[in-house]
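Data file: work30.tsv. Format and content: TSV, C-alpha atoms.
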chain	number	residue	atom	x	y	z
A	1	MET	CA	54.71	63.92	67.49
A	2	LEU	CA	54.15	67.19	65.68
A	3	PRO	CA	53.80	66.81	61.91
A	4	ASN	CA	56.39	68.30	59.61
A	5	THR	CA	55.20	71.55	58.02
A	6	GLY	CA	57.91	72.14	55.45
A	7	LYS	CA	58.93	75.43	57.11
A	8	LEU	CA	62.56	74.39	57.17
A	9	ALA	CA	62.77	73.35	53.52
A	10	GLY	CA	65.95	74.78	52.04
A	11	CYS	CA	67.15	76.15	55.38
A	12	THR	CA	70.66	75.33	56.55
A	13	LEU	CA	71.08	74.15	60.14
A	14	PHE	CA	74.53	73.99	61.76
A	15	ILE	CA	74.16	71.50	64.64
A	16	THR	CA	76.96	70.71	67.07
A	17	GLY	CA	77.06	67.19	68.48
A	18	ALA	CA	74.69	65.94	65.78
A	19	SER	CA	76.14	62.46	65.30
A	20	ARG	CA	73.86	60.97	67.97
A	21	GLY	CA	71.27	61.71	70.64
A	22	ILE	CA	69.31	64.94	70.77
A	23	GLY	CA	71.45	66.61	68.11
A	24	LYS	CA	70.83	63.87	65.57
A	25	ALA	CA	67.12	63.73	66.41
A	26	ILE	CA	66.79	67.47	65.72
A	27	ALA	CA	68.66	66.94	62.47
A	28	LEU	CA	66.39	64.10	61.37
A	29	LYS	CA	63.25	66.06	62.20
A	30	ALA	CA	64.48	69.02	60.15
A	31	ALA	CA	65.63	66.73	57.35
A	32	LYS	CA	62.03	65.56	56.87
A	33	ASP	CA	61.23	69.17	55.96
A	34	GLY	CA	63.98	69.12	53.35
A	35	ALA	CA	66.57	71.09	55.33
A	36	ASN	CA	70.32	71.17	54.83
A	37	ILE	CA	72.15	69.83	57.89
A	38	VAL	CA	75.75	70.50	58.88
A	39	ILE	CA	76.75	67.70	61.26
A	40	ALA	CA	79.45	69.33	63.39
A	41	ALA	CA	80.65	66.58	65.71
A	42	LYS	CA	83.81	64.78	66.81
A	43	THR	CA	83.04	61.18	65.95
A	44	ALA	CA	84.45	60.25	62.55
A	45	GLU	CA	85.38	56.69	63.49
A	46	PRO	CA	83.03	54.24	65.28
A	47	HIS	CA	83.15	54.60	69.07
A	48	PRO	CA	83.63	51.39	71.12
A	49	THR	CA	80.53	52.01	73.26
A	50	LEU	CA	78.54	54.83	71.61
A	51	SER	CA	76.69	54.29	68.36
A	52	GLY	CA	76.90	56.63	65.40
A	53	THR	CA	79.43	58.73	63.50
A	54	ILE	CA	79.07	61.93	61.48
A	55	TYR	CA	78.91	59.74	58.37
A	56	THR	CA	76.21	57.35	59.59
A	57	ALA	CA	74.21	60.38	60.75
A	58	ALA	CA	74.65	61.95	57.30
A	59	ALA	CA	73.27	58.81	55.65
A	60	GLU	CA	70.21	58.86	57.92
A	61	ILE	CA	69.61	62.55	57.27
A	62	GLU	CA	69.71	62.12	53.51
A	63	ALA	CA	67.45	59.07	53.74
A	64	ALA	CA	64.97	61.25	55.67
A	65	GLY	CA	64.87	63.80	52.85
A	66	GLY	CA	67.54	66.32	53.81
A	67	LYS	CA	71.00	67.19	52.56
A	68	ALA	CA	73.95	66.53	54.86
A	69	LEU	CA	77.45	67.89	55.29
A	70	PRO	CA	79.47	65.90	57.85
A	71	CYS	CA	82.28	67.93	59.44
A	72	VAL	CA	84.75	66.79	62.06
A	73	VAL	CA	84.39	69.42	64.78
A	74	ASN	CA	85.61	69.44	68.35
A	75	VAL	CA	84.07	72.66	69.69
A	76	ARG	CA	87.11	73.04	71.96
A	77	GLU	CA	89.13	73.75	68.80
A	78	GLU	CA	88.30	77.18	67.36
A	79	GLN	CA	89.94	76.51	64.00
A	80	GLN	CA	87.80	73.40	63.48
A	81	ILE	CA	84.69	75.49	64.09
A	82	ILE	CA	85.88	78.14	61.62
A	83	ASN	CA	86.70	75.51	58.98
A	84	ALA	CA	83.29	73.84	59.33
A	85	VAL	CA	81.41	77.14	59.09
A	86	GLU	CA	83.36	78.12	55.98
A	87	GLU	CA	82.63	74.71	54.42
A	88	ALA	CA	78.93	75.05	55.29
A	89	VAL	CA	78.70	78.46	53.61
A	90	LYS	CA	80.60	77.21	50.58
A	91	THR	CA	78.34	74.15	50.24
A	92	PHE	CA	74.91	75.57	51.07
A	93	GLY	CA	75.37	79.31	50.52
A	94	GLY	CA	74.89	80.38	54.13
A	95	ILE	CA	73.65	79.42	57.59
A	96	ASP	CA	70.10	80.05	58.81
A	97	ILE	CA	70.00	78.23	62.14
A	98	LEU	CA	72.64	77.32	64.70
A	99	VAL	CA	71.83	74.64	67.28
A	100	ASN	CA	74.36	74.56	70.12
A	101	ASN	CA	73.76	71.01	71.29
A	102	ALA	CA	77.27	69.69	72.06
A	103	SER	CA	77.72	69.31	75.80
A	104	ALA	CA	79.87	67.59	78.42
A	105	ILE	CA	78.53	66.32	81.74
A	106	SER	CA	79.90	65.16	85.09
A	107	LEU	CA	77.36	65.16	87.92
A	108	THR	CA	79.97	65.09	90.65
A	109	GLY	CA	80.67	67.18	93.70
A	110	THR	CA	83.44	69.75	93.97
A	111	LEU	CA	85.97	67.43	95.63
A	112	GLU	CA	85.16	64.52	93.28
A	113	THR	CA	85.40	66.49	90.04
A	114	GLU	CA	88.84	66.25	88.46
A	115	THR	CA	90.30	69.43	87.01
A	116	LYS	CA	90.35	67.92	83.52
A	117	LYS	CA	86.60	67.36	83.76
A	118	VAL	CA	86.03	70.93	84.92
A	119	ASN	CA	88.07	72.14	81.95
A	120	LEU	CA	86.14	69.87	79.59
A	121	MET	CA	82.72	71.12	80.73
A	122	MET	CA	83.73	74.77	80.64
A	123	ASP	CA	85.44	74.39	77.25
A	124	VAL	CA	82.60	72.49	75.57
A	125	ASN	CA	79.53	73.93	77.22
A	126	VAL	CA	80.46	77.59	77.67
A	127	ARG	CA	83.44	78.37	75.46
A	128	GLY	CA	82.32	76.05	72.64
A	129	THR	CA	78.84	77.54	72.57
A	130	TYR	CA	80.22	81.08	72.64
A	131	LEU	CA	82.80	80.50	69.88
A	132	THR	CA	80.42	78.61	67.60
A	133	SER	CA	77.83	81.37	67.98
A	134	LYS	CA	80.46	84.05	67.35
A	135	THR	CA	81.68	82.29	64.19
A	136	CYS	CA	78.18	81.70	62.80
A	137	LEU	CA	76.73	85.13	63.60
A	138	PRO	CA	78.13	87.05	60.59
A	139	HIS	CA	76.41	84.50	58.32
A	140	LEU	CA	73.25	84.29	60.41
A	141	ARG	CA	72.81	88.06	60.09
A	142	LYS	CA	72.54	87.58	56.31
A	143	SER	CA	69.71	85.06	56.66
A	144	LYS	CA	66.05	86.04	56.19
A	145	ASN	CA	65.01	84.22	59.39
A	146	PRO	CA	68.08	83.52	61.56
A	147	HIS	CA	68.02	81.62	64.82
A	148	ILE	CA	70.38	80.39	67.51
A	149	LEU	CA	69.02	77.63	69.74
A	150	ASN	CA	71.01	76.50	72.79
A	151	LEU	CA	70.19	73.27	74.59
A	152	SER	CA	70.48	74.75	78.07
A	153	PRO	CA	68.32	75.03	81.20
A	154	PRO	CA	66.24	77.90	82.58
A	155	MET	CA	68.23	79.98	85.06
A	156	ASN	CA	67.37	78.99	88.63
A	157	LEU	CA	69.70	80.20	91.37
A	158	ASN	CA	68.26	77.97	94.08
A	159	PRO	CA	71.37	76.42	95.73
A	160	MET	CA	69.93	72.92	95.44
A	161	TRP	CA	70.74	72.91	91.71
A	162	PHE	CA	74.40	73.65	92.47
A	163	LYS	CA	75.31	71.72	95.62
A	164	ASN	CA	75.75	68.23	94.14
A	165	HIS	CA	77.34	69.16	90.79
A	166	CYS	CA	78.55	72.74	91.03
A	167	ALA	CA	80.88	72.72	88.00
A	168	TYR	CA	78.31	71.19	85.66
A	169	THR	CA	75.58	73.61	86.69
A	170	ILE	CA	77.89	76.58	86.22
A	171	SER	CA	78.80	75.35	82.73
A	172	LYS	CA	75.20	74.78	81.62
A	173	TYR	CA	74.08	78.11	83.05
A	174	GLY	CA	76.94	79.65	81.06
A	175	MET	CA	75.17	78.44	77.91
A	176	SER	CA	71.94	80.00	79.17
A	177	MET	CA	73.73	83.28	79.87
A	178	CYS	CA	74.94	83.26	76.25
A	179	VAL	CA	71.26	83.20	75.29
A	180	LEU	CA	70.39	86.13	77.53
A	181	GLY	CA	73.34	88.22	76.40
A	182	MET	CA	73.25	87.52	72.67
A	183	ALA	CA	69.45	87.80	72.47
A	184	GLU	CA	69.70	91.38	73.66
A	185	GLU	CA	72.87	92.18	71.71
A	186	PHE	CA	71.38	91.00	68.40
A	187	ARG	CA	67.74	91.83	69.08
A	188	GLY	CA	65.91	92.48	65.82
A	189	GLU	CA	68.62	90.70	63.82
A	190	VAL	CA	68.95	87.15	65.16
A	191	ALA	CA	66.51	85.28	67.42
A	192	VAL	CA	68.40	83.62	70.27
A	193	ASN	CA	66.60	81.13	72.50
A	194	ALA	CA	67.17	78.17	74.80
A	195	LEU	CA	65.36	74.85	74.88
A	196	TRP	CA	65.45	72.31	77.70
A	197	PRO	CA	63.40	69.10	77.47
A	198	LYS	CA	61.69	68.59	80.82
A	199	THR	CA	62.43	65.11	82.15
A	200	GLY	CA	63.28	63.60	85.49
A	201	HIS	CA	66.25	65.90	86.01
A	202	PRO	CA	65.99	69.69	85.51
A	203	LEU	CA	69.67	69.85	84.53
A	204	MET	CA	69.79	66.69	82.45
A	205	PRO	CA	67.94	66.58	79.11
A	206	ASP	CA	66.50	63.33	77.88
A	207	PHE	CA	65.58	62.85	74.22
A	208	PHE	CA	64.46	65.37	71.59
A	209	LEU	CA	60.69	65.61	71.40
A	210	ASP	CA	58.82	68.05	69.16
A	211	LEU	CA	59.44	71.64	70.19
A	212	GLU	CA	62.72	72.45	68.46
A	213	THR	CA	61.63	72.56	64.84
A	214	ASP	CA	58.41	74.28	65.81
A	215	MET	CA	60.36	77.04	67.56
A	216	ILE	CA	63.07	77.58	64.96
A	217	GLY	CA	60.62	77.45	62.08
A	218	ARG	CA	58.88	80.61	63.26
A	219	LYS	CA	59.74	84.16	62.31
A	220	GLN	CA	62.29	85.69	64.62
A	221	GLU	CA	60.23	88.76	65.52
A	222	GLY	CA	59.16	88.70	69.13
A	223	TYR	CA	61.83	86.20	70.10
A	224	GLY	CA	64.83	86.80	72.26
A	225	GLY	CA	66.13	85.25	75.41
A	226	SER	CA	63.27	82.84	75.97
A	227	GLN	CA	63.93	79.55	77.73
A	228	ALA	CA	61.37	76.97	76.71
A	229	VAL	CA	60.87	73.76	78.61
A	230	LYS	CA	59.37	70.75	76.83
A	231	GLU	CA	57.49	68.42	79.16
A	232	GLU	CA	57.26	64.72	78.48
A	233	LYS	CA	53.93	62.98	78.67
A	234	LYS	CA	53.69	61.11	81.92
A	235	LEU	CA	53.12	57.42	81.68
A	236	SER	CA	49.80	56.46	83.20
A	237	GLU	CA	50.01	54.19	86.18
A	238	SER	CA	48.03	50.99	86.31
A	239	HIS	CA	47.44	49.22	89.62
A	240	GLN	CA	45.93	45.79	89.92
A	241	GLU	CA	44.71	45.07	93.41
A	242	GLY	CA	44.98	41.62	94.87
A	243	SER	CA	47.67	40.55	92.40
A	244	GLU	CA	50.29	39.65	94.97
A	245	SER	CA	50.83	35.97	95.47
A	246	ALA	CA	51.01	34.40	98.90
A	247	ALA	CA	54.70	33.74	98.39
A	248	ALA	CA	55.37	37.36	97.43
A	249	THR	CA	53.71	38.68	100.58
A	250	LEU	CA	56.27	36.81	102.66
A	251	LEU	CA	59.14	38.73	101.10
A	252	SER	CA	60.45	41.93	102.62
A	253	PRO	CA	59.88	45.15	100.60
A	254	VAL	CA	63.45	45.30	99.28
A	255	ALA	CA	63.55	41.60	98.41
A	256	GLU	CA	60.15	41.85	96.74
A	257	THR	CA	61.34	44.82	94.72
A	258	PHE	CA	64.35	42.90	93.44
A	259	ARG	CA	62.15	39.86	92.73
A	260	VAL	CA	59.97	41.96	90.45
A	261	ILE	CA	63.03	43.57	88.83
A	262	GLN	CA	64.50	40.12	88.19
A	263	GLY	CA	61.30	39.02	86.50
A	264	ALA	CA	61.14	42.15	84.37
A	265	ILE	CA	64.68	41.95	82.98
A	266	THR	CA	64.71	41.20	79.27
A	267	GLU	CA	67.44	40.64	76.72
A	268	GLU	CA	66.47	44.02	75.23
A	269	TYR	CA	67.15	45.77	78.56
A	270	VAL	CA	70.53	44.04	78.74
A	271	ARG	CA	71.44	44.82	75.14
A	272	THR	CA	70.54	48.49	75.35
A	273	THR	CA	71.89	49.18	78.86
A	274	GLN	CA	75.13	47.20	79.22
A	275	GLY	CA	75.72	48.21	82.82
A	276	ILE	CA	75.97	46.73	86.31
A	277	PHE	CA	74.40	48.64	89.20
A	278	GLN	CA	75.30	48.11	92.84
A	279	PHE	CA	73.11	49.38	95.67
A	280	GLU	CA	74.47	50.04	99.15
A	281	LEU	CA	71.38	50.26	101.35
A	282	SER	CA	71.22	51.40	104.96
A	283	GLY	CA	68.56	50.81	107.62
A	284	ASP	CA	66.23	47.82	107.64
A	285	GLU	CA	67.26	45.26	105.04
A	286	GLY	CA	70.48	47.19	104.63
A	287	GLY	CA	73.35	45.66	102.73
A	288	THR	CA	74.57	45.20	99.18
A	289	TRP	CA	72.23	44.44	96.29
A	290	TYR	CA	72.71	44.58	92.52
A	291	ILE	CA	71.08	44.72	89.09
A	292	ASP	CA	73.13	43.14	86.32
A	293	LEU	CA	72.15	44.47	82.91
A	294	LYS	CA	75.42	43.56	81.24
A	295	THR	CA	75.93	39.79	81.26
A	296	LYS	CA	73.76	37.50	79.12
A	297	GLY	CA	70.26	37.13	80.49
A	298	GLY	CA	70.77	39.73	83.21
A	299	ASN	CA	70.18	39.21	86.91
A	300	ALA	CA	69.25	40.97	90.15
A	301	GLY	CA	69.53	40.07	93.81
A	302	SER	CA	71.44	40.43	97.05
A	303	GLY	CA	75.20	40.50	97.52
A	304	LYS	CA	77.99	41.74	95.30
A	305	PRO	CA	77.41	41.72	91.54
A	306	PRO	CA	79.24	39.08	89.44
A	307	LEU	CA	81.41	41.75	87.81
A	308	LYS	CA	82.66	45.14	88.96
A	309	ALA	CA	79.81	47.64	89.18
A	310	ASP	CA	79.68	50.50	86.68
A	311	VAL	CA	77.46	52.54	89.01
A	312	VAL	CA	77.20	52.45	92.81
A	313	MET	CA	74.14	53.99	94.42
A	314	SER	CA	73.85	54.57	98.15
A	315	MET	CA	70.58	55.29	99.97
A	316	SER	CA	68.29	53.99	102.70
A	317	SER	CA	66.30	50.84	102.04
A	318	THR	CA	63.07	52.76	102.65
A	319	ASP	CA	63.92	55.39	100.02
A	320	PHE	CA	65.06	52.66	97.65
A	321	VAL	CA	61.64	50.99	97.75
A	322	LYS	CA	59.92	54.36	97.35
A	323	MET	CA	62.09	55.19	94.34
A	324	PHE	CA	61.49	51.88	92.59
A	325	THR	CA	57.74	52.02	93.19
A	326	GLY	CA	57.38	55.54	91.83
A	327	LYS	CA	56.78	57.24	95.19
A	328	LEU	CA	60.12	59.06	95.16
A	329	LYS	CA	61.52	60.62	92.01
A	330	PRO	CA	65.20	59.78	91.43
A	331	THR	CA	65.88	63.43	90.66
A	332	LEU	CA	64.49	64.60	93.99
A	333	ALA	CA	66.31	61.83	95.83
A	334	PHE	CA	69.59	62.84	94.21
A	335	MET	CA	69.17	66.58	94.61
A	336	THR	CA	68.17	66.31	98.29
A	337	GLY	CA	71.05	64.01	99.16
A	338	LYS	CA	68.94	60.90	99.74
A	339	LEU	CA	70.66	59.22	96.82
A	340	ARG	CA	74.39	59.27	96.21
A	341	ILE	CA	75.74	58.13	92.85
A	342	LYS	CA	79.29	57.14	91.95
A	343	GLY	CA	80.44	55.92	88.58
A	344	ASN	CA	79.00	56.15	85.08
A	345	MET	CA	76.27	58.79	85.21
A	346	ALA	CA	75.07	58.02	81.68
A	347	LEU	CA	74.23	54.48	82.82
A	348	ALA	CA	72.45	55.87	85.87
A	349	ILE	CA	70.22	57.83	83.50
A	350	LYS	CA	69.46	54.64	81.57
A	351	LEU	CA	68.42	52.92	84.79
A	352	GLU	CA	66.07	55.82	85.56
A	353	LYS	CA	64.33	55.21	82.23
A	354	MET	CA	63.95	51.54	83.12
A	355	LEU	CA	62.42	52.57	86.45
A	356	THR	CA	59.71	54.51	84.64
A	357	GLN	CA	58.75	51.37	82.73
A	358	LEU	CA	58.88	49.17	85.83
A	359	ASN	CA	56.76	51.40	88.08
A	360	SER	CA	53.50	49.85	86.91
A	361	LYS	CA	54.77	46.40	87.90
A	362	LEU	CA	56.08	47.33	91.36
How does this structure look as structure tokens?
Amino acid sequence: MLPNTGKLAGCTLFITGASRGIGKAIALKAAKDGANIVIAAKTAEPHPTLSGTIYTAAAEIEAAGGKALPCVVNVREEQQIINAVEEAVKTFGGIDILVNNASAISLTGTLETETKKVNLMMDVNVRGTYLTSKTCLPHLRKSKNPHILNLSPPMNLNPMWFKNHCAYTISKYGMSMCVLGMAEEFRGEVAVNALWPKTGHPLMPDFFLDLETDMIGRKQEGYGGSQAVKEEKKLSESHQEGSESAAATLLSPVAETFRVIQGAITEEYVRTTQGIFQFELSGDEGGTWYIDLKTKGGNAGSGKPPLKADVVMSMSSTDFVKMFTGKLKPTLAFMTGKLRIKGNMALAIKLEKMLTQLNSKL
């Protein structure tokens, strides 16, 4: 992790969606420099399934060395944005950096995406980013080193990035187009850039790494419309030859894969995942299999899961084995149609992280 340099000491960052995830991680990193953080997020009361509120985030930020201003902001509501910006200026004297992090996601096809979800993604991702930028810009222009940083992907018009989740891609590219347009419109006044952590899915960021504070801590000259991609370090693979037992060699590839998964399940996986995954496999060894990371102790095996599945994944048994042994990336499988996903996409992302850790054992 990059060391803190103190470049953001005394700077005021207005971060949307900063009560958890990437937004909060950016806030904590900046707080270690001694920055002022405006936590502009919806969650004022504890969420039943998601950890963190604007107030718990504020406590963490101040413990890290920063100053925090928690503001209840739904970026779909323009007046809430205006009120939060006014409060930020009143409290800290201005705004130096805007981080448009708040985002809505539904990786579903056109026919499966409900209108209310389309509206949500367009309102939060595009309209929310645009309105928050518009409201902050008069104050940013008064800063000595103003920046806008959008968490949005590089523009790539290859149809494969649209075909499985058209509405979501359109909405995220809308954020990227805000970068391109505003960077040129305010060139020489405000640096406007995009950042997209490079993980398993080009349209799905994982966790904040180190690039954000490095980018926004620089002088704004020479910046404008850049779309940086932060690449995660790949986990090294370790293979131990001759480790298979005689009993294991008798199992079919799919059954052996689930045997290893069963043995790798820990209480920590169950506690942090809280999801049940059902696999509908075609071809040899086709049928229904499951991974239970919700009930105490967890489980994996053939047949229907003990409780209703939160995520259902459909693919061939051959591709399933390839995916769980690291020979087929889940992203590529999904984007090329080899993997179909229904249900809670956030849980599907958690399972992908577990796969990365399991690859060395499979």
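Summary of the local environment: counting all atoms listed in the file, residues at most 12 Å from Glu87 (chain A), other than itself and those fewer than 6 positions away along its chain, are Phe14, Val38, Ile39, Ala40, Ala68, Leu69, Pro70, Cys71, Val72, Val73, Gln80, Ile81, Gly93, Gly94, Ile95 and Cys136 of chain A.
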What does the distance from CA of Pro253 (chain A) to CA of Arg340 (chain A) come to in Å, to one decimal?
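Separating CA of Pro253 (chain A) from CA of Arg340 (chain A) is a distance of 20.7 Å.
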Polymer residues at most 10 Å from Ile15 (chain A), only C-alpha atoms, same-chain spacing of 4 or more positions, as a ChimeraX atom specification:
/A:19,23-24,26-27,37-41,97-102,132,149
Keeping only C-alpha atoms, write the selected residues to a file as a PDB file, in the coordinates of the input.
ATOM      1  CA  SER A  19      76.140  62.460  65.300  1.00  0.00           C
ATOM      2  CA  GLY A  23      71.450  66.610  68.110  1.00  0.00           C
ATOM      3  CA  LYS A  24      70.830  63.870  65.570  1.00  0.00           C
ATOM      4  CA  ILE A  26      66.790  67.470  65.720  1.00  0.00           C
ATOM      5  CA  ALA A  27      68.660  66.940  62.470  1.00  0.00           C
ATOM      6  CA  ILE A  37      72.150  69.830  57.890  1.00  0.00           C
ATOM      7  CA  VAL A  38      75.750  70.500  58.880  1.00  0.00           C
ATOM      8  CA  ILE A  39      76.750  67.700  61.260  1.00  0.00           C
ATOM      9  CA  ALA A  40      79.450  69.330  63.390  1.00  0.00           C
ATOM     10  CA  ALA A  41      80.650  66.580  65.710  1.00  0.00           C
ATOM     11  CA  ILE A  97      70.000  78.230  62.140  1.00  0.00           C
ATOM     12  CA  LEU A  98      72.640  77.320  64.700  1.00  0.00           C
ATOM     13  CA  VAL A  99      71.830  74.640  67.280  1.00  0.00           C
ATOM     14  CA  ASN A 100      74.360  74.560  70.120  1.00  0.00           C
ATOM     15  CA  ASN A 101      73.760  71.010  71.290  1.00  0.00           C
ATOM     16  CA  ALA A 102      77.270  69.690  72.060  1.00  0.00           C
ATOM     17  CA  THR A 132      80.420  78.610  67.600  1.00  0.00           C
ATOM     18  CA  LEU A 149      69.020  77.630  69.740  1.00  0.00           C
TER      19      LEU A 149
END
For region 49-66 of chain A, find every residue with an atom within 6 Å (counting all atoms listed in the file), except residues of its own chain fewer than 3 positions away, and show them as a PyMOL selection string.
chain A and resi 19-20+28+31-32+34-36+43-44+70
Give the answer as one residue: which of A:Gly275, A:Gly181, A:Pro48, A:Pro305 has the shortest atom-to-atom distance to Ala346 (chain A), using only C-alpha atoms?
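Closest residue, counting only C-alpha atoms: A:Gly275.
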Point out the residue among A:Asp292, A:Ile276, A:Glu256, A:Gly188 with the least atom-to-atom distance to Arg141 (chain A), counting only C-alpha atoms.
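Nearest to Arg141 (chain A): A:Gly188.
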Write region 157-172 of chain A as a PDB file, in the coordinates of the input, completed to N, CA, C and O atoms.
ATOM      1  N   LEU A 157      68.575  80.045  90.452  1.00  0.00           N
ATOM      2  CA  LEU A 157      69.700  80.200  91.370  1.00  0.00           C
ATOM      3  C   LEU A 157      69.458  79.566  92.736  1.00  0.00           C
ATOM      4  O   LEU A 157      70.198  79.826  93.681  1.00  0.00           O
ATOM      5  N   ASN A 158      68.451  78.720  92.851  1.00  0.00           N
ATOM      6  CA  ASN A 158      68.260  77.970  94.080  1.00  0.00           C
ATOM      7  C   ASN A 158      69.496  77.096  94.308  1.00  0.00           C
ATOM      8  O   ASN A 158      69.899  76.332  93.423  1.00  0.00           O
ATOM      9  N   PRO A 159      70.135  77.165  95.475  1.00  0.00           N
ATOM     10  CA  PRO A 159      71.370  76.420  95.730  1.00  0.00           C
ATOM     11  C   PRO A 159      71.270  74.914  95.526  1.00  0.00           C
ATOM     12  O   PRO A 159      72.282  74.248  95.289  1.00  0.00           O
ATOM     13  N   MET A 160      70.057  74.362  95.584  1.00  0.00           N
ATOM     14  CA  MET A 160      69.930  72.920  95.440  1.00  0.00           C
ATOM     15  C   MET A 160      70.367  72.432  94.066  1.00  0.00           C
ATOM     16  O   MET A 160      70.774  71.287  93.906  1.00  0.00           O
ATOM     17  N   TRP A 161      70.316  73.313  93.046  1.00  0.00           N
ATOM     18  CA  TRP A 161      70.740  72.910  91.710  1.00  0.00           C
ATOM     19  C   TRP A 161      72.257  72.988  91.549  1.00  0.00           C
ATOM     20  O   TRP A 161      72.783  72.595  90.504  1.00  0.00           O
ATOM     21  N   PHE A 162      72.945  73.516  92.536  1.00  0.00           N
ATOM     22  CA  PHE A 162      74.400  73.650  92.470  1.00  0.00           C
ATOM     23  C   PHE A 162      75.126  72.668  93.391  1.00  0.00           C
ATOM     24  O   PHE A 162      76.231  72.232  93.085  1.00  0.00           O
ATOM     25  N   LYS A 163      74.536  72.349  94.539  1.00  0.00           N
ATOM     26  CA  LYS A 163      75.310  71.720  95.620  1.00  0.00           C
ATOM     27  C   LYS A 163      75.897  70.352  95.273  1.00  0.00           C
ATOM     28  O   LYS A 163      76.969  70.012  95.786  1.00  0.00           O
ATOM     29  N   ASN A 164      75.238  69.573  94.424  1.00  0.00           N
ATOM     30  CA  ASN A 164      75.750  68.230  94.140  1.00  0.00           C
ATOM     31  C   ASN A 164      76.591  68.134  92.870  1.00  0.00           C
ATOM     32  O   ASN A 164      77.260  67.126  92.652  1.00  0.00           O
ATOM     33  N   HIS A 165      76.552  69.159  92.030  1.00  0.00           N
ATOM     34  CA  HIS A 165      77.340  69.160  90.790  1.00  0.00           C
ATOM     35  C   HIS A 165      77.590  70.603  90.372  1.00  0.00           C
ATOM     36  O   HIS A 165      77.122  71.063  89.321  1.00  0.00           O
ATOM     37  N   CYS A 166      78.340  71.297  91.185  1.00  0.00           N
ATOM     38  CA  CYS A 166      78.550  72.740  91.030  1.00  0.00           C
ATOM     39  C   CYS A 166      79.139  73.085  89.660  1.00  0.00           C
ATOM     40  O   CYS A 166      78.640  73.980  88.975  1.00  0.00           O
ATOM     41  N   ALA A 167      80.205  72.386  89.264  1.00  0.00           N
ATOM     42  CA  ALA A 167      80.880  72.720  88.000  1.00  0.00           C
ATOM     43  C   ALA A 167      79.961  72.533  86.802  1.00  0.00           C
ATOM     44  O   ALA A 167      79.921  73.367  85.895  1.00  0.00           O
ATOM     45  N   TYR A 168      79.221  71.445  86.789  1.00  0.00           N
ATOM     46  CA  TYR A 168      78.310  71.190  85.660  1.00  0.00           C
ATOM     47  C   TYR A 168      77.233  72.254  85.573  1.00  0.00           C
ATOM     48  O   TYR A 168      76.949  72.771  84.483  1.00  0.00           O
ATOM     49  N   THR A 169      76.634  72.594  86.705  1.00  0.00           N
ATOM     50  CA  THR A 169      75.580  73.610  86.690  1.00  0.00           C
ATOM     51  C   THR A 169      76.118  74.948  86.197  1.00  0.00           C
ATOM     52  O   THR A 169      75.475  75.623  85.384  1.00  0.00           O
ATOM     53  N   ILE A 170      77.279  75.327  86.681  1.00  0.00           N
ATOM     54  CA  ILE A 170      77.890  76.580  86.220  1.00  0.00           C
ATOM     55  C   ILE A 170      78.061  76.560  84.699  1.00  0.00           C
ATOM     56  O   ILE A 170      77.756  77.539  84.005  1.00  0.00           O
ATOM     57  N   SER A 171      78.535  75.426  84.167  1.00  0.00           N
ATOM     58  CA  SER A 171      78.800  75.350  82.730  1.00  0.00           C
ATOM     59  C   SER A 171      77.516  75.416  81.906  1.00  0.00           C
ATOM     60  O   SER A 171      77.459  76.069  80.863  1.00  0.00           O
ATOM     61  N   LYS A 172      76.462  74.744  82.367  1.00  0.00           N
ATOM     62  CA  LYS A 172      75.200  74.780  81.620  1.00  0.00           C
ATOM     63  C   LYS A 172      74.534  76.151  81.730  1.00  0.00           C
ATOM     64  O   LYS A 172      73.942  76.640  80.762  1.00  0.00           O
TER      65      LYS A 172
END
